[in-house]
Amino acid sequence: VTRSELVRQAREGDRDAYDVLLTESVDAMYRIARLILRDYDSAADAVQEALVRCWRDLPRLREPDRFDAWLNRILVRAITDESRRRRRRLSLAVVPITSQPDASGALADRDELARVFGRLSIEHRTIVVFHHYLGMSADEAATTIGIPVGTAKSRLHYATEALRAALDADARVTTGRVSA
Amino acid sequence: MTTRPDPDRKIAAWLHDEAPDHAPSDVLEASRERVEKTRQRRSWWPARRGTQMSTYTKLAAAAATVLVITVGGTAFMLGGIGGQPSPQPTTGGAPQTQQPTAPDATGGDVLLPGEFTACVPRNAESKAGTTETEVIPGPDGDLTVERTRGFTWSGSISATDPRFSGTHYTSWDGNGYTAGAADPYAQVVDGFGTWAEGHRIETAEGAWAGSTVGITLPDGTNEAAPAVLTGEGAYQGLTAVTFPIDGPCFFDFRGFVIEVPEPPVPYTGD
C-alpha cells in the first residue's frame, strides 16, 4: 500500500491506516519539534497535538500527495502554539540561569551555536531547521511553513547571520587564546 | 594553515548532531490514545461528513425538539401519534414507522415521537460539477475564491423511520475563501467556506426535498442550519427538520417530522 493510498484510507476514517502513517512520521516530527523547541516535554506535546489535529482535519485534505507538506505545516503551528504556552508558563516560573559557554575546546562551537540558536525567536529557529536541517530552499520552506517567500528569506538571512557571527566570534576567542 | 569549514555546513552538522534519532516511545503511545478519542471533522468538500454539533445546531435541535414535543405531545394526548413516529393518518399510504432498525446515531438516546435518525453511506457521484478559482487583489493582499458548483451524489439512505429509507440525492455548491495568494496548502487548513446543500429522499410512497446552508470557519468548525424538507406524495403536508450528527456513516443526521406544511405562511393582514 502506497503512502498516498494510506492517506486516502485514513481520510475516510480508517484508524489502522492512520496508525501506520503516525508510526512512520513520529520520529521525523519529533526531531523537528525537539530542534526548534529545545525541550523534550514541549516537543512531545507539540508532536502529539499535531498528530491529533492531522487526524481530526484529514477529511479536509483534498490531495493525498500533499500529505507530508501539510503535516509539516500542522506541526509548525503546533510548535508555535506550544512555544506560546511554554512562554506563559516560564513567565510565571523562575527562569533557569544558563551556563557560560565552554570556549576551551571542541565543544566551543556547539555551545556557542546552541546559545545563539536558543536566543532566536521560534519563527527564526523554524526557518533555520527547515533550511539547514531539512535542506529546503527558502521558497520551499516558505510554502511549507505558510509564510511569504520574502519573509522566509528575511528570517533565514537574519538567523543564519546570527549563527555565522556566533561561529566567527568563537573562532576569534579560540584564535586569541592560542596566540596568547 | 587549515581552512575553516563552511559555517553553513557547521550549522547543518550541529543540527544533525542535536536531533534525536527517535521519538520517545511514550510520544507514540500518547498520540495513539489521543487519536483514538478524537473524531474527524466534517470535510469542507464535499460538506457531507458527520460533524461536531455547533452551538447554533444545538440550539436549532433544541428548538426543533420543543416544537416536536409540543406538536407530537398534543397528538399523543389525543391518541394520534403514540410512542411511535407518526403513522401518517392524514397523509394516506405512508408506511408505519418502526423503532430503530437503522443505525442508532443518537448515542443511545430514546427517540421522541416523530423523531428519527438516518445514515447515508458514501454514495457515488452522479454528476460532476465545476470548480473555478479566482484571485482577487486587494489592498491587504490577495483573496483566493474557489467556486464549486453542481456536484451531486446519489445512492441509498437508511433511517429508523422507513419514510426516510430509500434513495438519497444531494447537491452541493460552495465558495472557499483563502486570504493571501493561491496557496495549495492553506485551503485545507485555513479555508473559510460557505456552502449550500440540496437534499431529496425518494421512497416508493413519496419524497422529501429541501436544503440547508452553512459556513466552515477557519478553525474547521462547521455552522450548519438545519435542513427543512417538505413532504411530497404520501408525505404531503408534512415537514421534516434535520440536522447533522456524529455517527458511523458518511453523513448521519437526526430529524423530526412535524405535521405542518412547509413553509408556514405568517398572517400579514391588519
# chains A, B, ... in the order shown; residues from 1 in each chain; ligands from 1
call {"tool": "residues_around", "arguments": {"residues": "Cys54 of chain A", "least_positions_apart": "6", "cutoff": "10 Å", "atoms": "only C-alpha atoms", "output": "ChimeraX atom specification"}}
result
/A:11,18,22,48,60-61,67,70-75 /B:35,40,189
call {"tool": "interface_residues", "arguments": {"of": "chain A", "to": "chain B", "cutoff": "9 Å", "atoms": "only C-alpha atoms", "output": "NGL selection string"}}
result
:A and (11-13 or 15 or 19 or 22-23 or 26-32 or 34-35 or 44-45 or 47-49 or 51-53 or 55-62 or 66 or 69-70 or 73-74 or 109-110 or 113-114 or 129 or 131-135 or 143-144 or 146 or 160 or 163-164 or 167-168)
call {"tool": "atom_distance", "arguments": {"atom1": "atom CA of Ile147 of chain A", "atom2": "atom CA of Phe117 of chain A"}}
result
20.6 Å
call {"tool": "atom_distance", "arguments": {"atom1": "atom CA of Gly206 of chain B", "atom2": "atom CA of Tyr235 of chain B"}}
result
6.1 Å
call {"tool": "closest_residue", "arguments": {"among": "B:Asp252, B:Asp173, B:Asp246, B:Asp161", "to": "Val213 of chain B", "atoms": "only C-alpha atoms"}}
result
B:Asp173
call {"tool": "select_by_dssp", "arguments": {"residues": "chain A", "states": "alpha helix (DSSP H)", "output": "JSON, numbers by chain"}}
result
{"A": [3, 4, 5, 6, 7, 8, 9, 10, 11, 15, 16, 17, 18, 19, 20, 21, 22, 23, 24, 25, 26, 27, 28, 29, 30, 31, 32, 33, 34, 35, 36, 37, 40, 41, 42, 43, 44, 45, 46, 47, 48, 49, 50, 51, 52, 53, 54, 55, 56, 57, 67, 68, 69, 70, 71, 72, 73, 74, 75, 76, 77, 78, 79, 80, 81, 82, 83, 84, 85, 86, 87, 88, 89, 90, 91, 108, 109, 110, 111, 112, 113, 114, 115, 116, 117, 118, 119, 122, 123, 124, 125, 126, 127, 128, 138, 139, 140, 141, 142, 143, 144, 145, 149, 150, 151, 152, 153, 154, 155, 156, 157, 158, 159, 160, 161, 162, 163, 164, 165, 166, 167, 168, 169, 170, 171, 172, 173, 174, 175, 176, 177, 178, 179]}
call {"tool": "residues_around", "arguments": {"residues": "Ile127 of chain A", "least_positions_apart": "5", "cutoff": "10 Å", "atoms": "only C-alpha atoms", "output": "compact mmCIF listing (two decimals) with N, CA, C and O atoms, in the first residue's frame"}}
result
# COMPACT_ATOMS: atom_id res chain seq x y z
N ILE A 36 13.53 22.71 17.28
CA ILE A 36 13.00 24.08 17.34
C ILE A 36 12.70 24.47 18.79
O ILE A 36 13.04 25.57 19.23
N ILE A 122 11.14 31.77 17.91
CA ILE A 122 10.67 30.47 17.43
C ILE A 122 10.53 30.49 15.90
O ILE A 122 10.79 29.49 15.22
N HIS A 132 18.43 24.55 7.05
CA HIS A 132 19.75 23.96 7.30
C HIS A 132 19.67 22.49 7.69
O HIS A 132 20.62 21.74 7.47
N TYR A 133 18.57 22.07 8.28
CA TYR A 133 18.47 20.68 8.71
C TYR A 133 17.73 19.83 7.67
O TYR A 133 18.21 18.78 7.26
N LEU A 134 16.56 20.31 7.24
CA LEU A 134 15.80 19.52 6.26
C LEU A 134 16.25 19.77 4.83
O LEU A 134 15.86 19.05 3.92
N MET A 136 15.62 22.35 2.85
CA MET A 136 14.68 23.03 1.95
C MET A 136 15.23 24.38 1.53
O MET A 136 15.92 25.05 2.30
N SER A 137 14.88 24.78 0.30
CA SER A 137 15.20 26.15 -0.12
C SER A 137 14.29 27.11 0.64
O SER A 137 13.30 26.68 1.27
N ALA A 138 14.62 28.38 0.58
CA ALA A 138 13.77 29.38 1.25
C ALA A 138 12.35 29.33 0.69
O ALA A 138 11.36 29.47 1.43
N ALA A 141 10.60 26.21 2.02
CA ALA A 141 10.30 26.38 3.44
C ALA A 141 9.13 27.35 3.63
O ALA A 141 8.26 27.13 4.48
N ALA A 142 9.12 28.41 2.83
CA ALA A 142 8.04 29.40 2.93
C ALA A 142 6.69 28.74 2.66
O ALA A 142 5.71 28.95 3.39
N ILE A 145 5.88 26.28 5.59
CA ILE A 145 5.55 26.94 6.85
C ILE A 145 4.29 27.79 6.71
O ILE A 145 3.54 27.97 7.66
N ALA A 152 10.31 34.60 4.57
CA ALA A 152 11.16 33.43 4.83
C ALA A 152 12.62 33.79 4.58
O ALA A 152 13.51 33.45 5.37
N LYS A 153 12.87 34.48 3.47
CA LYS A 153 14.25 34.84 3.13
C LYS A 153 14.83 35.80 4.16
O LYS A 153 16.00 35.69 4.55
N SER A 154 14.01 36.75 4.58
CA SER A 154 14.46 37.72 5.57
C SER A 154 14.80 37.03 6.90
O SER A 154 15.85 37.28 7.50
N ARG A 155 13.91 36.14 7.34
CA ARG A 155 14.17 35.42 8.60
C ARG A 155 15.40 34.54 8.48
O ARG A 155 16.21 34.46 9.41
N LEU A 156 15.51 33.88 7.34
CA LEU A 156 16.65 32.98 7.16
C LEU A 156 17.96 33.77 7.16
O LEU A 156 18.95 33.34 7.76
N HIS A 157 17.95 34.91 6.49
CA HIS A 157 19.16 35.74 6.44
C HIS A 157 19.55 36.18 7.84
O HIS A 157 20.71 36.04 8.25
N ALA A 159 18.72 34.94 10.79
CA ALA A 159 19.09 33.84 11.69
C ALA A 159 20.44 33.25 11.32
O ALA A 159 21.27 32.96 12.19
N THR A 160 20.65 33.07 10.01
CA THR A 160 21.93 32.48 9.57
C THR A 160 23.08 33.41 9.91
O THR A 160 24.15 32.97 10.34
call {"tool": "residues_around", "arguments": {"residues": "Ile215 of chain B", "least_positions_apart": "3", "cutoff": "7 Å", "atoms": "only C-alpha atoms", "output": "PyMOL selection string"}}
result
chain B and resi 193-195+222-224
call {"tool": "atom_distance", "arguments": {"atom1": "atom CA of Glu259 of chain B", "atom2": "atom CA of Tyr169 of chain B"}}
result
23.3 Å
call {"tool": "closest_residue", "arguments": {"among": "B:Tyr177, B:Trp153, B:Phe116, B:Phe256", "to": "Ser165 of chain B", "atoms": "only C-alpha atoms"}}
result
B:Phe116
